[in-house]
$ cat protein_27.cif   # mmCIF, C-alpha atoms
data_data
#
loop_
_atom_site.group_PDB
_atom_site.id
_atom_site.type_symbol
_atom_site.label_atom_id
_atom_site.label_comp_id
_atom_site.auth_asym_id
_atom_site.auth_seq_id
_atom_site.Cartn_x
_atom_site.Cartn_y
_atom_site.Cartn_z
ATOM 1 C CA MET Z 278 -22.054 -18.323 22.236
ATOM 2 C CA GLY Z 279 -22.455 -15.194 20.164
ATOM 3 C CA ASN Z 280 -19.073 -13.798 21.122
ATOM 4 C CA GLU Z 281 -17.272 -17.078 20.450
ATOM 5 C CA PHE Z 282 -18.830 -17.292 17.004
ATOM 6 C CA HIS Z 283 -17.974 -13.670 16.319
ATOM 7 C CA SER Z 284 -14.395 -14.237 17.380
ATOM 8 C CA LEU Z 285 -14.112 -17.304 15.103
ATOM 9 C CA PHE Z 286 -15.571 -15.303 12.209
ATOM 10 C CA TYR Z 287 -13.131 -12.473 12.958
ATOM 11 C CA SER Z 288 -10.081 -14.743 13.229
ATOM 12 C CA PHE Z 289 -10.972 -16.545 10.002
ATOM 13 C CA HIS Z 290 -11.056 -13.305 8.055
ATOM 14 C CA PHE Z 291 -7.976 -11.950 9.776
ATOM 15 C CA TYR Z 292 -5.958 -15.027 8.788
ATOM 16 C CA LEU Z 293 -7.524 -15.044 5.312
ATOM 17 C CA PHE Z 294 -6.446 -11.480 4.552
ATOM 18 C CA GLY Z 295 -3.071 -12.093 6.195
ATOM 19 C CA LEU Z 296 -2.397 -15.154 4.047
ATOM 20 C CA ILE Z 297 -3.527 -13.391 0.852
ATOM 21 C CA ALA Z 298 -1.203 -10.507 1.747
ATOM 22 C CA ILE Z 299 1.783 -12.842 2.256
ATOM 23 C CA ALA Z 300 1.078 -14.784 -0.949
ATOM 24 C CA SER Z 301 0.675 -11.563 -2.955
ATOM 25 C CA ALA Z 302 3.879 -10.140 -1.469
ATOM 26 C CA LEU Z 303 5.797 -13.291 -2.457
ATOM 27 C CA LEU Z 304 4.364 -13.145 -5.983
ATOM 28 C CA PHE Z 305 5.205 -9.430 -6.069
ATOM 29 C CA VAL Z 306 8.934 -9.899 -5.413
ATOM 30 C CA THR Z 307 9.197 -12.769 -7.912
ATOM 31 C CA ARG Z 308 7.505 -11.161 -10.941
ATOM 32 C CA LYS Z 309 9.715 -10.098 -13.840
ATOM 33 C CA SER Z 310 7.394 -7.450 -15.247
ATOM 34 C CA PRO Z 311 7.113 -4.251 -13.182
ATOM 35 C CA VAL Z 312 3.424 -3.996 -14.161
ATOM 36 C CA ALA Z 313 2.576 -7.445 -12.759
ATOM 37 C CA ALA Z 314 4.639 -6.676 -9.648
ATOM 38 C CA ALA Z 315 2.748 -3.405 -9.152
ATOM 39 C CA MET Z 316 -0.603 -5.215 -9.463
ATOM 40 C CA TRP Z 317 0.382 -7.764 -6.801
ATOM 41 C CA LEU Z 318 1.577 -4.932 -4.560
ATOM 42 C CA VAL Z 319 -1.825 -3.241 -4.967
ATOM 43 C CA ASN Z 320 -3.356 -6.550 -3.820
ATOM 44 C CA VAL Z 321 -1.127 -6.517 -0.709
ATOM 45 C CA MET Z 322 -2.232 -2.948 0.002
ATOM 46 C CA PHE Z 323 -5.924 -3.823 -0.282
ATOM 47 C CA CYS Z 324 -5.446 -6.744 2.135
ATOM 48 C CA LEU Z 325 -3.670 -4.423 4.560
ATOM 49 C CA ALA Z 326 -6.559 -1.944 4.250
ATOM 50 C CA ALA Z 327 -8.954 -4.746 5.216
ATOM 51 C CA LEU Z 328 -6.755 -5.579 8.218
ATOM 52 C CA TYR Z 329 -6.687 -1.909 9.254
ATOM 53 C CA VAL Z 330 -10.493 -1.848 9.255
ATOM 54 C CA MET Z 331 -10.539 -5.041 11.341
ATOM 55 C CA LEU Z 332 -8.082 -3.411 13.769
ATOM 56 C CA ASP Z 333 -10.534 -0.494 14.319
ATOM 57 C CA ALA Z 334 -8.571 1.959 12.155
ATOM 58 C CA GLN Z 335 -11.251 2.630 9.537
ATOM 59 C CA PHE Z 336 -9.867 6.028 8.538
ATOM 60 C CA ILE Z 337 -6.379 4.594 7.964
ATOM 61 C CA GLY Z 338 -7.940 1.792 5.923
ATOM 62 C CA ALA Z 339 -9.688 4.340 3.707
ATOM 63 C CA ILE Z 340 -6.609 6.480 3.101
ATOM 64 C CA GLN Z 341 -4.571 3.312 2.538
ATOM 65 C CA VAL Z 342 -6.811 2.556 -0.443
ATOM 66 C CA ILE Z 343 -7.001 6.171 -1.652
ATOM 67 C CA VAL Z 344 -3.377 7.275 -1.159
ATOM 68 C CA TYR Z 345 -1.342 4.085 -1.455
ATOM 69 C CA ALA Z 346 -3.296 1.848 -3.808
ATOM 70 C CA GLY Z 347 -4.875 4.786 -5.620
ATOM 71 C CA ALA Z 348 -2.220 7.482 -5.929
ATOM 72 C CA ILE Z 349 1.270 6.141 -5.230
ATOM 73 C CA MET Z 350 0.883 2.955 -7.273
ATOM 74 C CA VAL Z 351 -0.553 4.957 -10.177
ATOM 75 C CA VAL Z 352 2.627 7.082 -10.145
ATOM 76 C CA PHE Z 353 4.674 3.868 -10.335
ATOM 77 C CA LEU Z 354 2.597 2.487 -13.206
ATOM 78 C CA PHE Z 355 2.770 5.856 -14.955
ATOM 79 C CA VAL Z 356 6.574 5.806 -14.824
ATOM 80 C CA VAL Z 357 6.664 2.200 -16.088
ATOM 81 C CA MET Z 358 4.459 3.292 -18.997
ATOM 82 C CA LEU Z 359 6.533 6.438 -19.606
ATOM 83 C CA LEU Z 360 9.798 4.497 -19.794
ATOM 84 C CA ASN Z 361 8.138 1.625 -21.701
ATOM 85 C CA LEU Z 362 9.476 -1.099 -19.408
ATOM 86 C CA GLY Z 363 6.335 -3.242 -19.263
ATOM 87 C CA TYR Z 364 7.608 -6.434 -20.973
ATOM 88 C CA GLY Z 365 4.318 -6.672 -22.850
ATOM 89 C CA ASP Z 366 4.267 -10.467 -23.221
ATOM 90 C CA ALA Z 367 5.101 -11.111 -19.562
ATOM 91 C CA ILE Z 368 2.489 -8.787 -18.070
ATOM 92 C CA THR Z 369 -0.231 -11.254 -17.169
ATOM 93 C CA ASP Z 370 0.016 -14.282 -14.900
ATOM 94 C CA LEU Z 371 -3.089 -15.868 -16.436
ATOM 95 C CA ARG Z 372 -2.374 -16.718 -20.066
ATOM 96 C CA GLY Z 373 -4.597 -18.210 -22.737
ATOM 97 C CA ASN Z 374 -8.223 -19.315 -22.603
ATOM 98 C CA ALA Z 375 -7.912 -20.954 -19.179
ATOM 99 C CA GLY Z 376 -6.727 -17.641 -17.789
ATOM 100 C CA ARG Z 377 -9.619 -15.770 -19.380
ATOM 101 C CA LEU Z 378 -12.117 -18.296 -17.988
ATOM 102 C CA THR Z 379 -10.614 -18.044 -14.498
ATOM 103 C CA ALA Z 380 -10.632 -14.249 -14.595
ATOM 104 C CA GLY Z 381 -14.254 -14.156 -15.783
ATOM 105 C CA PHE Z 382 -15.337 -16.665 -13.137
ATOM 106 C CA VAL Z 383 -13.600 -14.761 -10.306
ATOM 107 C CA GLY Z 384 -15.079 -11.487 -11.523
ATOM 108 C CA LEU Z 385 -18.614 -12.925 -11.650
ATOM 109 C CA ALA Z 386 -18.190 -14.534 -8.207
ATOM 110 C CA LEU Z 387 -17.096 -11.202 -6.707
ATOM 111 C CA LEU Z 388 -19.984 -9.390 -8.397
ATOM 112 C CA ALA Z 389 -22.457 -11.969 -6.986
ATOM 113 C CA GLU Z 390 -20.876 -11.573 -3.539
ATOM 114 C CA VAL Z 391 -21.332 -7.790 -3.633
ATOM 115 C CA MET Z 392 -24.985 -8.187 -4.751
ATOM 116 C CA VAL Z 393 -25.699 -10.683 -1.952
ATOM 117 C CA LEU Z 394 -23.906 -8.680 0.740
ATOM 118 C CA ALA Z 395 -25.671 -5.464 -0.262
ATOM 119 C CA ARG Z 396 -29.066 -6.887 0.736
ATOM 120 C CA ALA Z 397 -28.062 -9.394 3.405
ATOM 121 C CA GLU Z 398 -29.302 -9.272 6.993
ATOM 122 C CA PHE Z 399 -26.567 -10.540 9.273
ATOM 123 C CA PRO Z 400 -27.557 -12.902 12.099
ATOM 124 C CA ALA Z 401 -27.194 -11.298 15.505
ATOM 125 C CA GLN Z 402 -24.481 -13.667 16.719
ATOM 126 C CA LEU Z 403 -22.171 -12.469 13.958
ATOM 127 C CA THR Z 404 -22.464 -8.860 15.077
ATOM 128 C CA PRO Z 405 -22.718 -8.783 18.890
ATOM 129 C CA LYS Z 406 -20.816 -5.529 19.072
ATOM 130 C CA ALA Z 407 -22.525 -3.921 16.082
ATOM 131 C CA ALA Z 408 -24.704 -1.571 18.139
ATOM 132 C CA ALA Z 409 -21.741 -0.351 20.188
ATOM 133 C CA ALA Z 410 -19.607 0.094 17.070
ATOM 134 C CA ALA Z 411 -22.379 1.983 15.265
ATOM 135 C CA ALA Z 412 -22.808 4.250 18.290
ATOM 136 C CA ARG Z 413 -19.070 4.939 18.322
ATOM 137 C CA ILE Z 414 -18.918 5.645 14.573
ATOM 138 C CA ASP Z 415 -22.000 7.906 14.646
ATOM 139 C CA GLY Z 416 -20.887 9.573 17.889
ATOM 140 C CA PRO Z 417 -19.685 13.184 18.110
ATOM 141 C CA ALA Z 418 -16.028 12.254 17.466
ATOM 142 C CA GLY Z 419 -16.666 9.426 14.990
ATOM 143 C CA VAL Z 420 -13.735 7.261 13.920
ATOM 144 C CA ILE Z 421 -11.705 10.199 12.595
ATOM 145 C CA GLY Z 422 -11.869 12.251 15.796
ATOM 146 C CA PRO Z 423 -9.365 10.160 17.799
ATOM 147 C CA VAL Z 424 -6.878 10.447 14.891
ATOM 148 C CA ALA Z 425 -7.545 14.102 14.142
ATOM 149 C CA ALA Z 426 -7.263 15.369 17.737
ATOM 150 C CA PRO Z 427 -3.549 14.544 18.271
ATOM 151 C CA LEU Z 428 -2.795 15.423 14.629
ATOM 152 C CA PHE Z 429 -4.033 19.005 15.076
ATOM 153 C CA LYS Z 430 -2.909 19.496 18.698
ATOM 154 C CA GLU Z 431 0.232 17.625 19.749
ATOM 155 C CA TYR Z 432 1.614 17.093 16.252
ATOM 156 C CA LEU Z 433 0.453 20.331 14.622
ATOM 157 C CA LEU Z 434 4.018 21.474 13.864
ATOM 158 C CA ALA Z 435 4.929 18.142 12.282
ATOM 159 C CA PHE Z 436 1.670 18.240 10.314
ATOM 160 C CA GLU Z 437 2.480 21.690 8.950
ATOM 161 C CA LEU Z 438 6.015 20.584 8.142
ATOM 162 C CA THR Z 439 4.667 17.740 5.996
ATOM 163 C CA SER Z 440 3.061 20.361 3.753
ATOM 164 C CA ILE Z 441 6.505 21.917 3.231
ATOM 165 C CA LEU Z 442 7.892 18.431 2.593
ATOM 166 C CA LEU Z 443 5.238 17.798 -0.067
ATOM 167 C CA LEU Z 444 5.884 21.180 -1.702
ATOM 168 C CA THR Z 445 9.625 20.458 -1.766
ATOM 169 C CA ALA Z 446 8.953 17.024 -3.250
ATOM 170 C CA ILE Z 447 6.749 18.497 -6.007
ATOM 171 C CA VAL Z 448 9.343 21.119 -6.963
ATOM 172 C CA GLY Z 449 12.178 18.596 -6.698
ATOM 173 C CA ALA Z 450 10.396 16.014 -8.832
ATOM 174 C CA VAL Z 451 9.677 18.594 -11.552
ATOM 175 C CA VAL Z 452 13.254 19.927 -11.568
ATOM 176 C CA ILE Z 453 14.899 16.479 -11.548
ATOM 177 C CA GLY Z 454 12.534 14.975 -14.087
ATOM 178 C CA LYS Z 455 12.643 17.938 -16.471
ATOM 179 C CA LYS Z 456 14.197 17.339 -19.859
ATOM 180 C CA ARG Z 457 17.321 19.462 -20.218
ATOM 181 C CA ASN Z 458 17.373 21.662 -23.270
ATOM 182 C CA PRO Z 459 20.693 21.146 -25.079
ATOM 183 C CA SER Z 460 20.931 24.885 -25.852
ATOM 184 C CA ASP Z 461 20.841 25.620 -22.089
ATOM 185 C CA ALA Z 462 24.106 23.784 -21.522
ATOM 186 C CA ARG Z 463 26.937 26.123 -20.655
ATOM 187 C CA MET T 246 -4.754 -10.307 17.152
ATOM 188 C CA LEU T 247 -1.746 -8.188 18.170
ATOM 189 C CA ALA T 248 0.788 -11.031 17.939
ATOM 190 C CA GLU T 249 -0.527 -12.108 14.527
ATOM 191 C CA SER T 250 -0.422 -8.528 13.225
ATOM 192 C CA LEU T 251 3.160 -8.032 14.370
ATOM 193 C CA ALA T 252 4.201 -11.389 12.878
ATOM 194 C CA LEU T 253 2.553 -10.511 9.556
ATOM 195 C CA SER T 254 4.227 -7.109 9.657
ATOM 196 C CA ALA T 255 7.639 -8.689 10.263
ATOM 197 C CA LEU T 256 7.072 -11.182 7.454
ATOM 198 C CA LEU T 257 6.034 -8.502 4.946
ATOM 199 C CA PHE T 258 9.024 -6.386 5.972
ATOM 200 C CA THR T 259 11.332 -9.368 5.424
ATOM 201 C CA ILE T 260 9.847 -10.005 1.979
ATOM 202 C CA GLY T 261 10.479 -6.336 1.175
ATOM 203 C CA VAL T 262 14.101 -6.602 2.329
ATOM 204 C CA ILE T 263 14.587 -9.751 0.242
ATOM 205 C CA GLY T 264 13.201 -7.879 -2.766
ATOM 206 C CA VAL T 265 15.547 -4.921 -2.220
ATOM 207 C CA LEU T 266 18.538 -7.252 -1.935
ATOM 208 C CA THR T 267 17.769 -9.571 -4.845
ATOM 209 C CA ARG T 268 16.003 -7.500 -7.505
ATOM 210 C CA ARG T 269 17.985 -5.360 -9.946
ATOM 211 C CA ASN T 270 15.151 -3.309 -11.448
ATOM 212 C CA ALA T 271 15.160 0.145 -9.839
ATOM 213 C CA ILE T 272 11.365 0.563 -10.080
ATOM 214 C CA ILE T 273 10.675 -2.800 -8.410
ATOM 215 C CA LEU T 274 13.261 -1.842 -5.779
ATOM 216 C CA PHE T 275 11.220 1.262 -5.001
ATOM 217 C CA MET T 276 8.065 -0.812 -4.754
ATOM 218 C CA CYS T 277 9.836 -3.113 -2.264
ATOM 219 C CA VAL T 278 10.595 -0.049 -0.132
ATOM 220 C CA GLU T 279 6.875 0.821 -0.281
ATOM 221 C CA LEU T 280 6.087 -2.716 0.898
ATOM 222 C CA MET T 281 8.442 -2.251 3.856
ATOM 223 C CA LEU T 282 6.750 1.056 4.752
ATOM 224 C CA ASN T 283 3.386 -0.720 4.575
ATOM 225 C CA ALA T 284 4.629 -3.429 6.919
ATOM 226 C CA VAL T 285 5.701 -0.801 9.442
ATOM 227 C CA ASN T 286 2.305 0.895 9.106
ATOM 228 C CA LEU T 287 0.647 -2.393 10.042
ATOM 229 C CA SER T 288 2.712 -2.495 13.257
ATOM 230 C CA PHE T 289 1.703 1.086 14.038
ATOM 231 C CA VAL T 290 -1.991 0.349 13.544
ATOM 232 C CA ALA T 291 -1.854 -2.916 15.533
ATOM 233 C CA LEU T 292 -0.107 -1.212 18.448
ATOM 234 C CA SER T 293 -2.415 1.810 18.278
ATOM 235 C CA LYS T 294 -5.243 -0.523 19.355
ATOM 236 C CA LEU T 295 -3.328 -1.036 22.600
ATOM 237 C CA TYR T 296 -1.782 2.400 23.191
ATOM 238 C CA GLY T 297 -4.263 4.865 21.695
ATOM 239 C CA ALA T 298 -4.661 6.562 18.334
ATOM 240 C CA THR T 299 -1.206 8.218 18.208
ATOM 241 C CA GLY T 300 0.057 5.281 16.153
ATOM 242 C CA GLN T 301 -2.509 6.085 13.491
ATOM 243 C CA VAL T 302 -1.258 9.687 13.378
ATOM 244 C CA PHE T 303 2.198 8.353 12.594
ATOM 245 C CA VAL T 304 0.745 6.215 9.808
ATOM 246 C CA VAL T 305 -0.574 9.427 8.223
ATOM 247 C CA PHE T 306 2.939 10.905 8.402
ATOM 248 C CA VAL T 307 4.518 7.751 6.980
ATOM 249 C CA MET T 308 2.102 7.843 4.027
ATOM 250 C CA THR T 309 3.003 11.496 3.356
ATOM 251 C CA VAL T 310 6.705 10.709 3.386
ATOM 252 C CA ALA T 311 6.097 7.678 1.154
ATOM 253 C CA ALA T 312 4.267 9.832 -1.390
ATOM 254 C CA ALA T 313 7.067 12.423 -1.408
ATOM 255 C CA GLU T 314 9.698 9.693 -1.667
ATOM 256 C CA ALA T 315 7.915 8.014 -4.568
ATOM 257 C CA ALA T 316 7.636 11.290 -6.489
ATOM 258 C CA VAL T 317 11.283 12.315 -6.057
ATOM 259 C CA GLY T 318 12.640 8.769 -6.453
ATOM 260 C CA LEU T 319 10.758 8.162 -9.676
ATOM 261 C CA ALA T 320 11.924 11.538 -11.023
ATOM 262 C CA ILE T 321 15.507 10.431 -10.318
ATOM 263 C CA ILE T 322 14.828 7.128 -12.097
ATOM 264 C CA ILE T 323 13.498 9.016 -15.140
ATOM 265 C CA ALA T 324 16.607 11.247 -15.134
ATOM 266 C CA ILE T 325 18.893 8.186 -14.932
ATOM 267 C CA PHE T 326 16.937 6.454 -17.693
ATOM 268 C CA ARG T 327 17.532 9.457 -20.002
ATOM 269 C CA HIS T 328 21.288 9.040 -19.497
ATOM 270 C CA ARG T 329 21.634 5.253 -19.551
ATOM 271 C CA GLN T 330 18.519 3.970 -21.364
ATOM 272 C CA SER T 331 18.148 1.429 -18.561
ATOM 273 C CA VAL T 332 16.808 1.108 -15.022
ATOM 274 C CA ASN T 333 18.916 -1.954 -14.253
ATOM 275 C CA LEU T 334 21.066 -1.217 -11.227
ATOM 276 C CA ASP T 335 23.987 -3.182 -12.708
ATOM 277 C CA ASP T 336 24.199 -0.591 -15.494
ATOM 278 C CA ILE T 337 24.283 2.332 -13.071
ATOM 279 C CA ASN T 338 27.886 2.310 -11.855
ATOM 280 C CA LEU T 339 29.105 5.816 -12.547
ATOM 281 C CA LEU T 340 30.432 6.320 -9.012
ATOM 282 C CA LYS T 341 32.372 3.063 -9.046
ATOM 283 C CA GLY T 342 36.151 3.605 -8.904
#

$ encode --input "protein_27.cif" --output "structure tokens"
Amino acid sequence: MGNEFHSLFYSFHFYLFGLIAIASALLFVTRKSPVAAAMWLVNVMFCLAALYVMLDAQFIGAIQVIVYAGAIMVVFLFVVMLLNLGYGDAITDLRGNAGRLTAGFVGLALLAEVMVLARAEFPAQLTPKAAAAAARIDGPAGVIGPVAAPLFKEYLLAFELTSILLLTAIVGAVVIGKKRNPSDAR
Amino acid sequence: MLAESLALSALLFTIGVIGVLTRRNAIILFMCVELMLNAVNLSFVALSKLYGATGQVFVVFVMTVAAAEAAVGLAIIIAIFRHRQSVNLDDINLLKG
């Protein structure tokens, strides 16, 4: 019975995150303001990170949050701010007092959820594979080992080439984005 | 969950393509490309559960390329904005005959 319950629990959350991702993606392509669009895209990326963790790719889930939601989207928002394209009045989807109430309620609900989950003991039938998973994560290779081994053996050349790619991108971005001095013009 | 993951990935990719085809704001266009890359990453991760962790290695590479692409692409957008005072693709028609 434990496994069935676990599988139901798993499927429910898989579909939940999948549906939130689809809804956020649809809202993302329909927003007028680039800032609102970027926020919905961040939501899609967080849902995908949750799905990665559920698909046993914990490391990818972590770098999804750090690199994509954390770094790349900040670059996008920074450019929107730099070019002043935000459409200030169209930024938020929740306007007025009703919007503020909804936002406050959702924030408090999430805070309560974190507090409850931090001290909760999960019933055994929810986590039948927990011991095996913990052993795998705490094992000698951990969850990063299976990703790191091919990265530094089979794909070492490609891995080193990405560093050149990143260096080229940094230099290229600086050169292209640099303001031209009018006195430099020939 | 493999079939569901691949279906979700296809759906997100389609939404990204629709965004690229219908939106005219260059920055949102770039974000749609990021969404498409994310959808492909989901396929990689879902299939890596079946065929081993190599798929996850490719996700790392895709993220690197996405970061480089975002940096260079946004620099180009800034350069275009200096010339045209706009990021609307309808205003950027210098190459048109």

$ interface_residues --input "protein_27.cif" --of "chain Z" --to "chain T" --cutoff "8 Å" --atoms "all atoms listed in the file" --output "PyMOL selection string"
chain Z and resi 288+295+299+302-303+306+311+314-315+318+322+325+329+332-334+337+344-345+349+352-353+356-357+360+423-425+427-428+436+439+442-443+446-447+449-451+453-455

$ closest_residue --input "protein_27.cif" --among "Z:Ser310, Z:Met331, Z:Val383, Z:Leu433" --to "Z:Phe289" --atoms "all atoms listed in the file"
Z:Met331

$ atom_distance --input "protein_27.cif" --atom1 "atom CA of Z:Ala300" --atom2 "atom CA of Z:Asn320"
9.8 Å

$ atom_distance --input "protein_27.cif" --atom1 "atom CA of Z:Cys324" --atom2 "atom CA of Z:Phe294"
5.4 Å

$ atom_distance --input "protein_27.cif" --atom1 "atom CA of Z:Phe429" --atom2 "atom CA of Z:Val351"
29.1 Å

$ axis_aligned_box --input "protein_27.cif" --around "stretch 293-304 of chain T" --padding-each-side "3 Å" --output "JSON"
{"center_x": -1.5, "center_y": 4.3, "center_z": 16.5, "size_x": 13.4, "size_y": 16.7, "size_z": 19.4}

$ closest_residue --input "protein_27.cif" --among "Z:Arg377, Z:Leu304, Z:Ala346, Z:Ala426" --to "Z:Ala326" --atoms "all atoms listed in the file"
Z:Ala346
